[in-house]
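Structure data (PDB, C-alpha atoms) from data-v8.pdb:
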```pdb
ATOM      1  CA  MET Z   1     -40.675  -8.756  16.422
ATOM      2  CA  LEU Z   2     -39.805  -6.066  18.950
ATOM      3  CA  ALA Z   3     -39.826  -2.337  18.171
ATOM      4  CA  SER Z   4     -36.047  -2.189  18.737
ATOM      5  CA  GLN Z   5     -35.589  -4.891  16.099
ATOM      6  CA  TYR Z   6     -37.567  -2.823  13.586
ATOM      7  CA  ILE Z   7     -35.559   0.324  14.327
ATOM      8  CA  LEU Z   8     -32.151  -1.394  14.192
ATOM      9  CA  SER Z   9     -33.077  -3.296  11.015
ATOM     10  CA  ALA Z  10     -34.168  -0.069   9.349
ATOM     11  CA  LEU Z  11     -30.886   1.595  10.327
ATOM     12  CA  ILE Z  12     -28.877  -1.280   8.877
ATOM     13  CA  PHE Z  13     -30.908  -1.160   5.658
ATOM     14  CA  LEU Z  14     -30.046   2.512   5.337
ATOM     15  CA  ILE Z  15     -26.360   1.756   5.871
ATOM     16  CA  ILE Z  16     -26.484  -1.011   3.242
ATOM     17  CA  ILE Z  17     -28.182   1.316   0.729
ATOM     18  CA  LYS Z  18     -25.625   4.064   1.457
ATOM     19  CA  THR Z  19     -22.750   1.574   1.011
ATOM     20  CA  ALA Z  20     -24.168   0.414  -2.321
ATOM     21  CA  GLN Z  21     -24.532   4.021  -3.496
ATOM     22  CA  THR Z  22     -20.945   4.814  -2.511
ATOM     23  CA  PHE Z  23     -19.730   1.752  -4.383
ATOM     24  CA  LEU Z  24     -21.749   2.631  -7.489
ATOM     25  CA  THR Z  25     -20.272   6.138  -7.575
ATOM     26  CA  LYS Z  26     -16.852   4.408  -7.533
ATOM     27  CA  LYS Z  27     -15.816   5.975  -4.244
ATOM     28  CA  MET Z  28     -15.263   2.622  -2.544
ATOM     29  CA  PRO Z  29     -13.312  -0.409  -3.872
ATOM     30  CA  LEU Z  30     -15.181  -3.709  -4.404
ATOM     31  CA  GLY Z  31     -13.216  -5.653  -1.754
ATOM     32  CA  PHE Z  32     -13.916  -3.138   0.991
ATOM     33  CA  THR Z  33     -17.569  -2.820  -0.086
ATOM     34  CA  LEU Z  34     -18.077  -6.589   0.228
ATOM     35  CA  LEU Z  35     -16.361  -6.669   3.626
ATOM     36  CA  TRP Z  36     -18.424  -3.715   4.856
ATOM     37  CA  LEU Z  37     -21.682  -5.174   3.537
ATOM     38  CA  SER Z  38     -21.000  -8.599   5.034
ATOM     39  CA  ILE Z  39     -20.472  -7.015   8.475
ATOM     40  CA  TRP Z  40     -23.862  -5.297   8.288
ATOM     41  CA  VAL Z  41     -25.633  -8.346   6.857
ATOM     42  CA  VAL Z  42     -24.341 -10.400   9.785
ATOM     43  CA  GLY Z  43     -25.554  -7.626  12.091
ATOM     44  CA  LEU Z  44     -28.972  -7.739  10.469
ATOM     45  CA  ILE Z  45     -29.250 -11.539  10.839
ATOM     46  CA  VAL Z  46     -28.272 -11.280  14.491
ATOM     47  CA  ILE Z  47     -30.880  -8.580  15.137
ATOM     48  CA  LEU Z  48     -33.631 -10.540  13.392
ATOM     49  CA  ASP Z  49     -32.748 -13.811  15.126
ATOM     50  CA  PRO Z  50     -30.960 -13.122  18.453
ATOM     51  CA  HIS Z  51     -31.133 -16.822  19.426
ATOM     52  CA  LEU Z  52     -28.804 -17.635  16.563
ATOM     53  CA  LEU Z  53     -26.098 -15.488  18.161
ATOM     54  CA  THR Z  54     -26.739 -17.015  21.596
ATOM     55  CA  SER Z  55     -26.420 -20.529  20.175
ATOM     56  CA  PHE Z  56     -23.167 -19.582  18.492
ATOM     57  CA  ALA Z  57     -21.923 -17.953  21.699
ATOM     58  CA  ASN Z  58     -22.718 -21.109  23.643
ATOM     59  CA  LEU Z  59     -20.706 -23.101  21.134
ATOM     60  CA  LEU Z  60     -17.720 -20.888  22.013
ATOM     61  CA  LYS Z  61     -18.439 -21.268  25.744
ATOM     62  CA  ILE Z  62     -19.548 -17.651  26.004
ATOM     63  CA  GLY Z  63     -22.711 -17.259  28.108
ATOM     64  CA  ARG Z  64     -24.696 -14.646  26.217
ATOM     65  CA  GLY Z  65     -24.978 -13.744  22.547
ATOM     66  CA  VAL Z  66     -24.660 -10.067  23.336
ATOM     67  CA  ASP Z  67     -21.283 -10.709  25.018
ATOM     68  CA  LEU Z  68     -20.027 -12.377  21.855
ATOM     69  CA  ALA Z  69     -21.284  -9.415  19.815
ATOM     70  CA  VAL Z  70     -19.394  -6.984  22.057
ATOM     71  CA  TYR Z  71     -16.154  -9.014  21.875
ATOM     72  CA  VAL Z  72     -16.314  -9.322  18.091
ATOM     73  CA  SER Z  73     -17.207  -5.642  17.711
ATOM     74  CA  ILE Z  74     -14.196  -4.572  19.772
ATOM     75  CA  ILE Z  75     -11.879  -6.737  17.669
ATOM     76  CA  VAL Z  76     -13.341  -5.398  14.408
ATOM     77  CA  ILE Z  77     -13.208  -1.778  15.589
ATOM     78  CA  PHE Z  78      -9.585  -2.117  16.679
ATOM     79  CA  PHE Z  79      -8.729  -3.709  13.342
ATOM     80  CA  PHE Z  80     -10.258  -0.784  11.455
ATOM     81  CA  ILE Z  81      -8.526   1.746  13.706
ATOM     82  CA  TYR Z  82      -5.206   0.026  12.990
ATOM     83  CA  GLN Z  83      -5.910   0.031   9.246
ATOM     84  CA  MET Z  84      -6.775   3.722   9.352
ATOM     85  CA  PHE Z  85      -3.679   4.466  11.385
ATOM     86  CA  VAL Z  86      -1.464   2.747   8.809
ATOM     87  CA  LYS Z  87      -3.233   4.630   5.987
ATOM     88  CA  ILE Z  88      -2.723   7.973   7.752
ATOM     89  CA  ILE Z  89       1.002   7.261   8.187
ATOM     90  CA  MET Z  90       1.318   6.321   4.506
ATOM     91  CA  MET Z  91      -0.575   9.440   3.471
ATOM     92  CA  GLU Z  92       1.620  11.608   5.692
ATOM     93  CA  GLU Z  93       4.717  10.090   4.050
ATOM     94  CA  LYS Z  94       3.345  10.879   0.594
ATOM     95  CA  ILE Z  95       2.510  14.479   1.564
ATOM     96  CA  THR Z  96       5.997  14.900   3.064
ATOM     97  CA  ARG Z  97       7.629  13.639  -0.147
ATOM     98  CA  ILE Z  98       5.567  16.039  -2.293
ATOM     99  CA  VAL Z  99       6.218  19.055  -0.031
ATOM    100  CA  ARG Z 100       9.951  18.242   0.127
ATOM    101  CA  LYS Z 101      10.194  17.833  -3.641
ATOM    102  CA  GLU Z 102       8.525  21.218  -4.074
ATOM    103  CA  ALA Z 103      10.912  22.838  -1.551
ATOM    104  CA  LEU Z 104      13.939  21.459  -3.389
ATOM    105  CA  LYS Z 105      12.747  21.895  -6.968
ATOM    106  CA  ASP Z 106      15.099  24.773  -7.805
ATOM    107  CA  ILE Z 107      18.214  23.083  -6.441
TER     108      ILE Z 107
ATOM    109  CA  MET Y   1      38.939  28.431  10.501
ATOM    110  CA  LYS Y   2      40.027  28.533   6.848
ATOM    111  CA  GLN Y   3      37.593  29.982   4.303
ATOM    112  CA  SER Y   4      37.694  26.780   2.214
ATOM    113  CA  ALA Y   5      36.703  24.741   5.267
ATOM    114  CA  LEU Y   6      33.904  27.157   6.145
ATOM    115  CA  LYS Y   7      32.459  26.739   2.641
ATOM    116  CA  LYS Y   8      31.870  23.048   3.265
ATOM    117  CA  ILE Y   9      30.044  23.601   6.532
ATOM    118  CA  TYR Y  10      26.268  23.877   6.279
ATOM    119  CA  ILE Y  11      24.108  25.082   9.153
ATOM    120  CA  VAL Y  12      20.604  23.606   8.870
ATOM    121  CA  ILE Y  13      17.905  25.501  10.771
ATOM    122  CA  PRO Y  14      14.286  24.327  10.788
ATOM    123  CA  ALA Y  15      12.009  27.289  11.488
ATOM    124  CA  TYR Y  16       8.298  27.658  12.099
ATOM    125  CA  ASN Y  17       6.890  31.105  12.859
ATOM    126  CA  GLU Y  18      10.269  32.411  14.037
ATOM    127  CA  SER Y  19      10.265  35.833  12.369
ATOM    128  CA  LYS Y  20      10.977  37.557  15.711
ATOM    129  CA  VAL Y  21      14.293  35.803  16.336
ATOM    130  CA  ILE Y  22      15.478  34.130  13.126
ATOM    131  CA  GLY Y  23      17.140  37.329  11.919
ATOM    132  CA  SER Y  24      19.338  37.631  14.997
ATOM    133  CA  VAL Y  25      20.146  33.889  14.918
ATOM    134  CA  ILE Y  26      21.352  34.208  11.305
ATOM    135  CA  SER Y  27      23.311  37.391  12.107
ATOM    136  CA  GLU Y  28      25.098  35.653  14.977
ATOM    137  CA  LEU Y  29      26.077  32.786  12.660
ATOM    138  CA  GLN Y  30      27.227  35.193   9.947
ATOM    139  CA  LYS Y  31      29.337  37.011  12.538
ATOM    140  CA  GLU Y  32      31.154  33.704  13.058
ATOM    141  CA  GLU Y  33      31.706  33.666   9.257
ATOM    142  CA  TYR Y  34      29.524  30.676   8.420
ATOM    143  CA  LYS Y  35      28.546  31.019   4.776
ATOM    144  CA  ASN Y  36      25.990  28.286   4.189
ATOM    145  CA  ILE Y  37      23.077  28.949   6.490
ATOM    146  CA  VAL Y  38      20.120  26.903   5.293
ATOM    147  CA  VAL Y  39      16.777  27.833   6.836
ATOM    148  CA  ILE Y  40      13.828  25.549   6.186
ATOM    149  CA  ASP Y  41      10.693  27.582   6.677
ATOM    150  CA  ASP Y  42       8.252  24.878   7.680
ATOM    151  CA  GLY Y  43       5.083  26.528   6.403
ATOM    152  CA  SER Y  44       5.287  29.594   8.669
ATOM    153  CA  LYS Y  45       2.330  31.952   8.765
ATOM    154  CA  ASP Y  46       4.463  34.932   9.750
ATOM    155  CA  ASN Y  47       7.344  36.694   7.949
ATOM    156  CA  THR Y  48      10.022  34.085   8.617
ATOM    157  CA  SER Y  49      10.749  33.608   4.885
ATOM    158  CA  ARG Y  50      11.049  37.352   4.267
ATOM    159  CA  VAL Y  51      13.501  37.799   7.155
ATOM    160  CA  VAL Y  52      15.612  34.867   5.926
ATOM    161  CA  LYS Y  53      15.747  36.371   2.415
ATOM    162  CA  GLU Y  54      16.699  39.784   3.795
ATOM    163  CA  LYS Y  55      19.533  38.184   5.749
ATOM    164  CA  LYS Y  56      20.690  36.510   2.507
ATOM    165  CA  ALA Y  57      20.582  33.019   3.983
ATOM    166  CA  ILE Y  58      19.531  30.029   1.883
ATOM    167  CA  LEU Y  59      15.777  29.579   2.099
ATOM    168  CA  LEU Y  60      13.876  26.337   1.530
ATOM    169  CA  ARG Y  61      10.166  26.558   2.070
ATOM    170  CA  HIS Y  62       7.621  23.891   2.924
ATOM    171  CA  CYS Y  63       4.248  24.986   1.567
ATOM    172  CA  ILE Y  64       2.547  23.431   4.620
ATOM    173  CA  ASN Y  65       3.705  22.804   8.176
ATOM    174  CA  LEU Y  66       5.100  19.273   8.457
ATOM    175  CA  GLY Y  67       7.146  19.400  11.631
ATOM    176  CA  GLN Y  68      10.738  19.851  12.728
ATOM    177  CA  GLY Y  69      11.821  16.336  11.738
ATOM    178  CA  ALA Y  70      10.573  16.786   8.178
ATOM    179  CA  ALA Y  71      12.198  20.213   7.934
ATOM    180  CA  LEU Y  72      15.543  18.810   9.082
ATOM    181  CA  GLN Y  73      15.387  16.012   6.505
ATOM    182  CA  THR Y  74      14.629  18.556   3.766
ATOM    183  CA  GLY Y  75      17.728  20.431   4.922
ATOM    184  CA  PHE Y  76      19.730  17.186   4.807
ATOM    185  CA  GLU Y  77      18.533  16.497   1.254
ATOM    186  CA  TYR Y  78      19.670  19.979   0.244
ATOM    187  CA  CYS Y  79      23.075  19.381   1.859
ATOM    188  CA  LYS Y  80      23.464  16.067   0.023
ATOM    189  CA  LYS Y  81      22.709  17.743  -3.299
ATOM    190  CA  THR Y  82      25.144  20.596  -2.710
ATOM    191  CA  GLY Y  83      28.013  18.391  -1.519
ATOM    192  CA  ALA Y  84      28.208  19.493   2.112
ATOM    193  CA  GLU Y  85      31.068  17.953   4.099
ATOM    194  CA  VAL Y  86      29.876  18.976   7.550
ATOM    195  CA  VAL Y  87      26.253  19.605   8.551
ATOM    196  CA  VAL Y  88      25.276  21.404  11.741
ATOM    197  CA  THR Y  89      21.684  21.172  12.973
ATOM    198  CA  TYR Y  90      20.746  24.283  14.882
ATOM    199  CA  ASP Y  91      17.575  25.626  16.482
ATOM    200  CA  ALA Y  92      15.860  28.773  15.227
ATOM    201  CA  ASP Y  93      14.727  30.083  18.600
ATOM    202  CA  GLY Y  94      18.051  31.554  19.673
ATOM    203  CA  GLN Y  95      18.780  29.064  22.464
ATOM    204  CA  PHE Y  96      22.193  28.053  21.150
ATOM    205  CA  SER Y  97      25.438  29.950  20.978
ATOM    206  CA  ALA Y  98      27.116  30.180  17.568
ATOM    207  CA  LYS Y  99      30.462  30.169  19.372
ATOM    208  CA  ASP Y 100      29.817  26.539  20.389
ATOM    209  CA  ILE Y 101      29.800  25.385  16.747
ATOM    210  CA  LYS Y 102      33.602  25.355  16.530
ATOM    211  CA  LYS Y 103      34.000  22.878  19.394
ATOM    212  CA  MET Y 104      31.104  20.805  18.042
ATOM    213  CA  ILE Y 105      32.788  20.598  14.640
ATOM    214  CA  LEU Y 106      36.302  19.838  15.915
ATOM    215  CA  PRO Y 107      35.905  16.043  16.494
ATOM    216  CA  ILE Y 108      34.328  15.801  13.013
ATOM    217  CA  VAL Y 109      37.057  17.645  11.110
ATOM    218  CA  GLN Y 110      39.662  15.658  13.023
ATOM    219  CA  ASN Y 111      37.917  12.484  11.762
ATOM    220  CA  LYS Y 112      37.467  11.222  15.309
ATOM    221  CA  VAL Y 113      33.702  10.607  15.084
ATOM    222  CA  ASP Y 114      30.843  10.655  12.562
ATOM    223  CA  ILE Y 115      28.504  12.765  14.649
ATOM    224  CA  THR Y 116      28.710  15.089  17.624
ATOM    225  CA  LEU Y 117      25.752  15.628  19.930
ATOM    226  CA  GLY Y 118      25.399  18.796  21.940
ATOM    227  CA  SER Y 119      24.807  18.284  25.657
ATOM    228  CA  ARG Y 120      23.413  21.034  27.843
ATOM    229  CA  PHE Y 121      23.922  18.884  30.924
ATOM    230  CA  LEU Y 122      27.662  18.529  30.228
ATOM    231  CA  GLY Y 123      27.718  22.236  29.446
ATOM    232  CA  ASN Y 124      25.530  25.006  30.817
ATOM    233  CA  THR Y 125      21.867  25.824  30.970
ATOM    234  CA  ILE Y 126      20.596  29.302  31.651
ATOM    235  CA  ASN Y 127      17.041  29.768  32.975
ATOM    236  CA  LEU Y 128      16.133  26.084  32.602
ATOM    237  CA  SER Y 129      12.924  25.479  34.544
ATOM    238  CA  PHE Y 130      12.456  22.532  36.884
ATOM    239  CA  ILE Y 131       9.594  21.086  34.809
ATOM    240  CA  ARG Y 132      11.579  21.226  31.574
ATOM    241  CA  LYS Y 133      14.623  19.733  33.258
ATOM    242  CA  THR Y 134      12.470  16.880  34.578
ATOM    243  CA  LEU Y 135      11.011  16.234  31.113
ATOM    244  CA  LEU Y 136      14.469  16.229  29.540
ATOM    245  CA  LYS Y 137      15.762  13.818  32.181
ATOM    246  CA  ALA Y 138      12.743  11.580  31.539
ATOM    247  CA  GLY Y 139      13.672  11.647  27.834
ATOM    248  CA  ILE Y 140      17.184  10.495  28.733
ATOM    249  CA  ILE Y 141      15.779   7.548  30.718
ATOM    250  CA  PHE Y 142      13.322   6.721  27.914
ATOM    251  CA  THR Y 143      16.150   6.624  25.372
ATOM    252  CA  TRP Y 144      18.272   4.546  27.719
ATOM    253  CA  ILE Y 145      15.496   1.967  28.112
ATOM    254  CA  PHE Y 146      14.371   1.768  24.490
ATOM    255  CA  SER Y 147      17.576   2.486  22.579
ATOM    256  CA  GLY Y 148      20.059   1.066  25.075
ATOM    257  CA  ILE Y 149      22.243   4.149  24.834
ATOM    258  CA  LYS Y 150      23.125   6.283  27.812
ATOM    259  CA  LEU Y 151      23.467   9.915  26.826
ATOM    260  CA  THR Y 152      23.447  12.973  29.027
ATOM    261  CA  ASP Y 153      21.118  14.920  26.713
ATOM    262  CA  THR Y 154      18.909  13.168  24.171
ATOM    263  CA  HIS Y 155      16.686  15.990  22.940
ATOM    264  CA  ASN Y 156      19.213  18.611  22.026
ATOM    265  CA  GLY Y 157      18.830  20.006  18.500
ATOM    266  CA  PHE Y 158      22.513  20.927  18.302
ATOM    267  CA  ARG Y 159      24.320  18.224  16.328
ATOM    268  CA  VAL Y 160      27.076  17.983  13.748
ATOM    269  CA  LEU Y 161      27.145  15.278  11.084
ATOM    270  CA  ASN Y 162      29.928  14.302   8.719
ATOM    271  CA  LYS Y 163      29.218  13.174   5.150
ATOM    272  CA  LYS Y 164      28.880   9.520   6.172
ATOM    273  CA  ALA Y 165      26.326  10.324   8.875
ATOM    274  CA  LEU Y 166      24.456  12.580   6.457
ATOM    275  CA  GLN Y 167      24.110   9.689   3.999
ATOM    276  CA  LYS Y 168      23.127   7.139   6.642
ATOM    277  CA  ILE Y 169      20.605   9.113   8.672
ATOM    278  CA  TYR Y 170      17.135   9.494   7.210
ATOM    279  CA  ILE Y 171      14.480  11.069   9.416
ATOM    280  CA  THR Y 172      11.001   9.613   8.957
ATOM    281  CA  HIS Y 173       9.379  11.135  12.051
ATOM    282  CA  ASN Y 174       8.035  14.478  10.916
ATOM    283  CA  GLY Y 175       7.467  15.780  14.426
ATOM    284  CA  MET Y 176       9.645  16.156  17.483
ATOM    285  CA  ALA Y 177      10.141  12.404  17.884
ATOM    286  CA  HIS Y 178      12.926  12.709  15.292
ATOM    287  CA  ALA Y 179      15.420  13.408  18.107
ATOM    288  CA  SER Y 180      15.029   9.865  19.428
ATOM    289  CA  GLU Y 181      14.922   8.500  15.877
ATOM    290  CA  ILE Y 182      18.312  10.050  15.097
ATOM    291  CA  ILE Y 183      19.792   8.335  18.160
ATOM    292  CA  ASP Y 184      18.284   5.011  17.049
ATOM    293  CA  GLN Y 185      19.798   5.459  13.604
ATOM    294  CA  ILE Y 186      23.214   6.308  15.061
ATOM    295  CA  ILE Y 187      23.161   2.911  16.790
ATOM    296  CA  ARG Y 188      21.650   0.989  13.869
ATOM    297  CA  ASN Y 189      24.170   2.417  11.384
ATOM    298  CA  LYS Y 190      27.067   1.981  13.837
ATOM    299  CA  LEU Y 191      28.019   5.636  13.583
ATOM    300  CA  SER Y 192      30.617   6.857  16.037
ATOM    301  CA  TYR Y 193      29.604   9.769  18.221
ATOM    302  CA  VAL Y 194      30.656  11.959  21.076
ATOM    303  CA  GLU Y 195      28.760  14.364  23.284
ATOM    304  CA  VAL Y 196      30.084  17.905  23.410
ATOM    305  CA  PRO Y 197      29.218  20.422  26.157
ATOM    306  CA  VAL Y 198      27.133  23.331  24.882
ATOM    307  CA  THR Y 199      25.330  26.257  26.450
ATOM    308  CA  VAL Y 200      21.560  26.478  26.098
ATOM    309  CA  THR Y 201      19.920  29.746  27.082
ATOM    310  CA  TYR Y 202      16.183  29.776  27.732
ATOM    311  CA  SER Y 203      14.565  33.098  27.051
ATOM    312  CA  ASP Y 204      10.884  33.831  27.655
ATOM    313  CA  TYR Y 205      10.425  33.502  23.901
ATOM    314  CA  SER Y 206      12.124  30.101  23.604
ATOM    315  CA  LYS Y 207      10.215  28.824  26.638
ATOM    316  CA  ARG Y 208       6.938  29.766  24.961
ATOM    317  CA  LYS Y 209       8.025  28.099  21.720
ATOM    318  CA  GLY Y 210       9.363  24.961  23.406
ATOM    319  CA  GLN Y 211       7.664  21.645  24.008
ATOM    320  CA  SER Y 212       4.794  21.475  26.460
ATOM    321  CA  GLY Y 213       4.495  18.603  28.888
ATOM    322  CA  LEU Y 214       1.511  17.296  26.942
ATOM    323  CA  ASN Y 215       3.459  17.329  23.700
ATOM    324  CA  SER Y 216       6.263  15.396  25.353
ATOM    325  CA  LEU Y 217       3.753  12.667  26.168
ATOM    326  CA  ARG Y 218       2.568  12.738  22.553
ATOM    327  CA  ILE Y 219       6.160  12.235  21.383
ATOM    328  CA  VAL Y 220       6.532   9.228  23.692
ATOM    329  CA  GLY Y 221       3.272   7.858  22.243
ATOM    330  CA  GLN Y 222       4.513   8.292  18.665
ATOM    331  CA  LEU Y 223       7.784   6.553  19.470
ATOM    332  CA  LEU Y 224       6.070   3.636  21.186
ATOM    333  CA  ILE Y 225       3.606   3.194  18.311
ATOM    334  CA  GLN Y 226       6.422   3.162  15.759
ATOM    335  CA  ARG Y 227       8.490   0.811  17.843
ATOM    336  CA  PHE Y 228       5.731  -1.767  18.159
ATOM    337  CA  SER Y 229       4.011  -1.364  14.776
TER     338      SER Y 229
END
```
Take the structure I supplied and represent it as structure tokens, if you would.
Amino acid sequence: MLASQYILSALIFLIIIKTAQTFLTKKMPLGFTLLWLSIWVVGLIVILDPHLLTSFANLLKIGRGVDLAVYVSIIVIFFFIYQMFVKIIMMEEKITRIVRKEALKDI
Amino acid sequence: MKQSALKKIYIVIPAYNESKVIGSVISELQKEEYKNIVVIDDGSKDNTSRVVKEKKAILLRHCINLGQGAALQTGFEYCKKTGAEVVVTYDADGQFSAKDIKKMILPIVQNKVDITLGSRFLGNTINLSFIRKTLLKAGIIFTWIFSGIKLTDTHNGFRVLNKKALQKIYITHNGMAHASEIIDQIIRNKLSYVEVPVTVTYSDYSKRKGQSGLNSLRIVGQLLIQRFS
């Protein structure tokens, strides 16, 4: 195993432990925890066995495993950004309703 | 105008950190005998609320700054609750002339249209800079492309709504993008409208308070995101 594999694996272990802690303190819902963990577990498998990713990439007619990883990462990141964007809009709507209700409470 | 008619007219003014000018804006409106001047202090950090109280206008206060769109909608909610017949939206920075309200209201009280939209390009502009004029013209083209409506002035805060328009229009854009949202809702709700010439005077103060070029781009971004989300 290469040094980079050790370092990246250790980082992912830390993330997995942190995710588990957050879930146990009830700060993260089960569904999101499982999704988050599965992403990192896949990442860990790919780091430990890079050929696996290359084989899968070849199946999809993509030359290198790392290319596939970049494509998938971009899609996942954009998905999370979209989710966060929707959440921010919903939160802003809730705040607006509360502030407006307070402004009009004596009417 | 008759006193009974004046009682049903509500002037809605969103204000954020406008303590320097809000007093004179209210005084000018009171001079024209408008009784119901509703100022929504949108979480100002200065003395806007105190000045409004001293001028004996109606004060609604947002505990945090939400944006002009949110402040206008709060004003609309107040008007709905108090049974307003005619609602005028008016800027707090002293750019408008209270004398223009009468001609803005006329098509509404004559039941000709549901909403009147002030147009500085049909009327007059004083001290309008080239950059601002270009941005406003770009806004007109943007609205034409995305809303399919050709107006001469799309981002003018001077409007008058009748009761029907007040019930139909609901602003969800908290920020400055509400101006385009109102136009969209006019079309969607099939409200009748007419543009009325008004005078907009740009002072050094109002220029400082106005929209920057960067913010205009942000507004376009917000509108595009909402349109395609």
Using only C-alpha atoms, I'd like a table of the residues in chain Y that come within 9 Å of chain Z; for each, show the closest atom pair and its distance in Å rounded to one decimal, ordered by chain and ascending number, as JSON lines.
```
{"residue": "Y:Ile40", "atom": "CA", "partner": "Z:Ala103", "partner_atom": "CA", "distance": 8.7}
{"residue": "Y:Leu60", "atom": "CA", "partner": "Z:Ala103", "partner_atom": "CA", "distance": 5.5}
{"residue": "Y:Arg61", "atom": "CA", "partner": "Z:Ala103", "partner_atom": "CA", "distance": 5.2}
{"residue": "Y:His62", "atom": "CA", "partner": "Z:Ala103", "partner_atom": "CA", "distance": 5.7}
{"residue": "Y:Cys63", "atom": "CA", "partner": "Z:Val99", "partner_atom": "CA", "distance": 6.5}
{"residue": "Y:Ile64", "atom": "CA", "partner": "Z:Val99", "partner_atom": "CA", "distance": 7.4}
{"residue": "Y:Leu66", "atom": "CA", "partner": "Z:Thr96", "partner_atom": "CA", "distance": 7.0}
{"residue": "Y:Ala70", "atom": "CA", "partner": "Z:Thr96", "partner_atom": "CA", "distance": 7.1}
{"residue": "Y:Ala71", "atom": "CA", "partner": "Z:Arg100", "partner_atom": "CA", "distance": 8.4}
{"residue": "Y:Gln73", "atom": "CA", "partner": "Z:Arg100", "partner_atom": "CA", "distance": 8.7}
{"residue": "Y:Thr74", "atom": "CA", "partner": "Z:Arg100", "partner_atom": "CA", "distance": 5.9}
{"residue": "Y:Glu77", "atom": "CA", "partner": "Z:Leu104", "partner_atom": "CA", "distance": 8.2}
{"residue": "Y:Tyr78", "atom": "CA", "partner": "Z:Leu104", "partner_atom": "CA", "distance": 6.9}
{"residue": "Y:Lys81", "atom": "CA", "partner": "Z:Ile107", "partner_atom": "CA", "distance": 7.7}
{"residue": "Y:Thr82", "atom": "CA", "partner": "Z:Ile107", "partner_atom": "CA", "distance": 8.3}
{"residue": "Y:Thr172", "atom": "CA", "partner": "Z:Glu93", "partner_atom": "CA", "distance": 8.0}
{"residue": "Y:Asn174", "atom": "CA", "partner": "Z:Thr96", "partner_atom": "CA", "distance": 8.1}
```
Take the PyMOL selection byres ((chain Y and resi 183-186) around 12), run it mentally on this structure, and tell me the resulting residues as a short mmCIF file (atom, residue, chain, number, x, y, z; two decimals) with C-alpha atoms, keeping the file's coordinate frame.
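Final output, out.cif:
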```cif
data_model
loop_
_atom_site.label_atom_id
_atom_site.label_comp_id
_atom_site.auth_asym_id
_atom_site.auth_seq_id
_atom_site.Cartn_x
_atom_site.Cartn_y
_atom_site.Cartn_z
CA VAL Y 113 33.70 10.61 15.08
CA ASP Y 114 30.84 10.66 12.56
CA ILE Y 115 28.50 12.76 14.65
CA THR Y 116 28.71 15.09 17.62
CA LEU Y 117 25.75 15.63 19.93
CA GLY Y 139 13.67 11.65 27.83
CA ILE Y 140 17.18 10.50 28.73
CA PHE Y 142 13.32 6.72 27.91
CA THR Y 143 16.15 6.62 25.37
CA TRP Y 144 18.27 4.55 27.72
CA ILE Y 145 15.50 1.97 28.11
CA PHE Y 146 14.37 1.77 24.49
CA SER Y 147 17.58 2.49 22.58
CA GLY Y 148 20.06 1.07 25.08
CA ILE Y 149 22.24 4.15 24.83
CA LYS Y 150 23.12 6.28 27.81
CA LEU Y 151 23.47 9.91 26.83
CA ASP Y 153 21.12 14.92 26.71
CA THR Y 154 18.91 13.17 24.17
CA HIS Y 155 16.69 15.99 22.94
CA ASN Y 156 19.21 18.61 22.03
CA GLY Y 157 18.83 20.01 18.50
CA ARG Y 159 24.32 18.22 16.33
CA LEU Y 161 27.14 15.28 11.08
CA LYS Y 164 28.88 9.52 6.17
CA ALA Y 165 26.33 10.32 8.88
CA LEU Y 166 24.46 12.58 6.46
CA GLN Y 167 24.11 9.69 4.00
CA LYS Y 168 23.13 7.14 6.64
CA ILE Y 169 20.60 9.11 8.67
CA TYR Y 170 17.14 9.49 7.21
CA ILE Y 171 14.48 11.07 9.42
CA THR Y 172 11.00 9.61 8.96
CA HIS Y 173 9.38 11.14 12.05
CA ALA Y 177 10.14 12.40 17.88
CA HIS Y 178 12.93 12.71 15.29
CA ALA Y 179 15.42 13.41 18.11
CA SER Y 180 15.03 9.86 19.43
CA GLU Y 181 14.92 8.50 15.88
CA ILE Y 182 18.31 10.05 15.10
CA ILE Y 187 23.16 2.91 16.79
CA ARG Y 188 21.65 0.99 13.87
CA ASN Y 189 24.17 2.42 11.38
CA LYS Y 190 27.07 1.98 13.84
CA LEU Y 191 28.02 5.64 13.58
CA SER Y 192 30.62 6.86 16.04
CA TYR Y 193 29.60 9.77 18.22
CA VAL Y 194 30.66 11.96 21.08
CA GLU Y 195 28.76 14.36 23.28
CA LEU Y 223 7.78 6.55 19.47
CA ARG Y 227 8.49 0.81 17.84
#
```
Segment 129-131 of chain Y surroundings by all atoms listed in the file, 10 Å radius, close-in-sequence under 2 positions cut, as a list in words | Thr125, Ile126, Asn127, Lys133, Thr134, Leu135, Leu136, Lys137, Tyr202, Lys207, Ser212 and Gly213 of chain Y
Would you kindly return, as a list in words, each protein, DNA or RNA residue with an atom no farther than 12 Å from any atom of Pro50 of chain Z, considering only C-alpha atoms and excluding same-chain residues fewer than 4 positions away?
->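 My reading of the contact set: Met1, Leu2, Gln5, Val42, Gly43, Leu44, Ile45, Val46, Thr54, Ser55, Phe56, Ala57, Arg64, Gly65, Val66, Asp67, Leu68 and Ala69 of chain Z.
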Would you output that residue set with C-alpha atoms, as a short mmCIF file (atom, residue, chain, number, x, y, z; two decimals), in the frame of the given file?
```cif
data_model
loop_
_atom_site.label_atom_id
_atom_site.label_comp_id
_atom_site.auth_asym_id
_atom_site.auth_seq_id
_atom_site.Cartn_x
_atom_site.Cartn_y
_atom_site.Cartn_z
CA MET Z 1 -40.67 -8.76 16.42
CA LEU Z 2 -39.80 -6.07 18.95
CA GLN Z 5 -35.59 -4.89 16.10
CA VAL Z 42 -24.34 -10.40 9.78
CA GLY Z 43 -25.55 -7.63 12.09
CA LEU Z 44 -28.97 -7.74 10.47
CA ILE Z 45 -29.25 -11.54 10.84
CA VAL Z 46 -28.27 -11.28 14.49
CA THR Z 54 -26.74 -17.02 21.60
CA SER Z 55 -26.42 -20.53 20.18
CA PHE Z 56 -23.17 -19.58 18.49
CA ALA Z 57 -21.92 -17.95 21.70
CA ARG Z 64 -24.70 -14.65 26.22
CA GLY Z 65 -24.98 -13.74 22.55
CA VAL Z 66 -24.66 -10.07 23.34
CA ASP Z 67 -21.28 -10.71 25.02
CA LEU Z 68 -20.03 -12.38 21.86
CA ALA Z 69 -21.28 -9.41 19.82
#
```
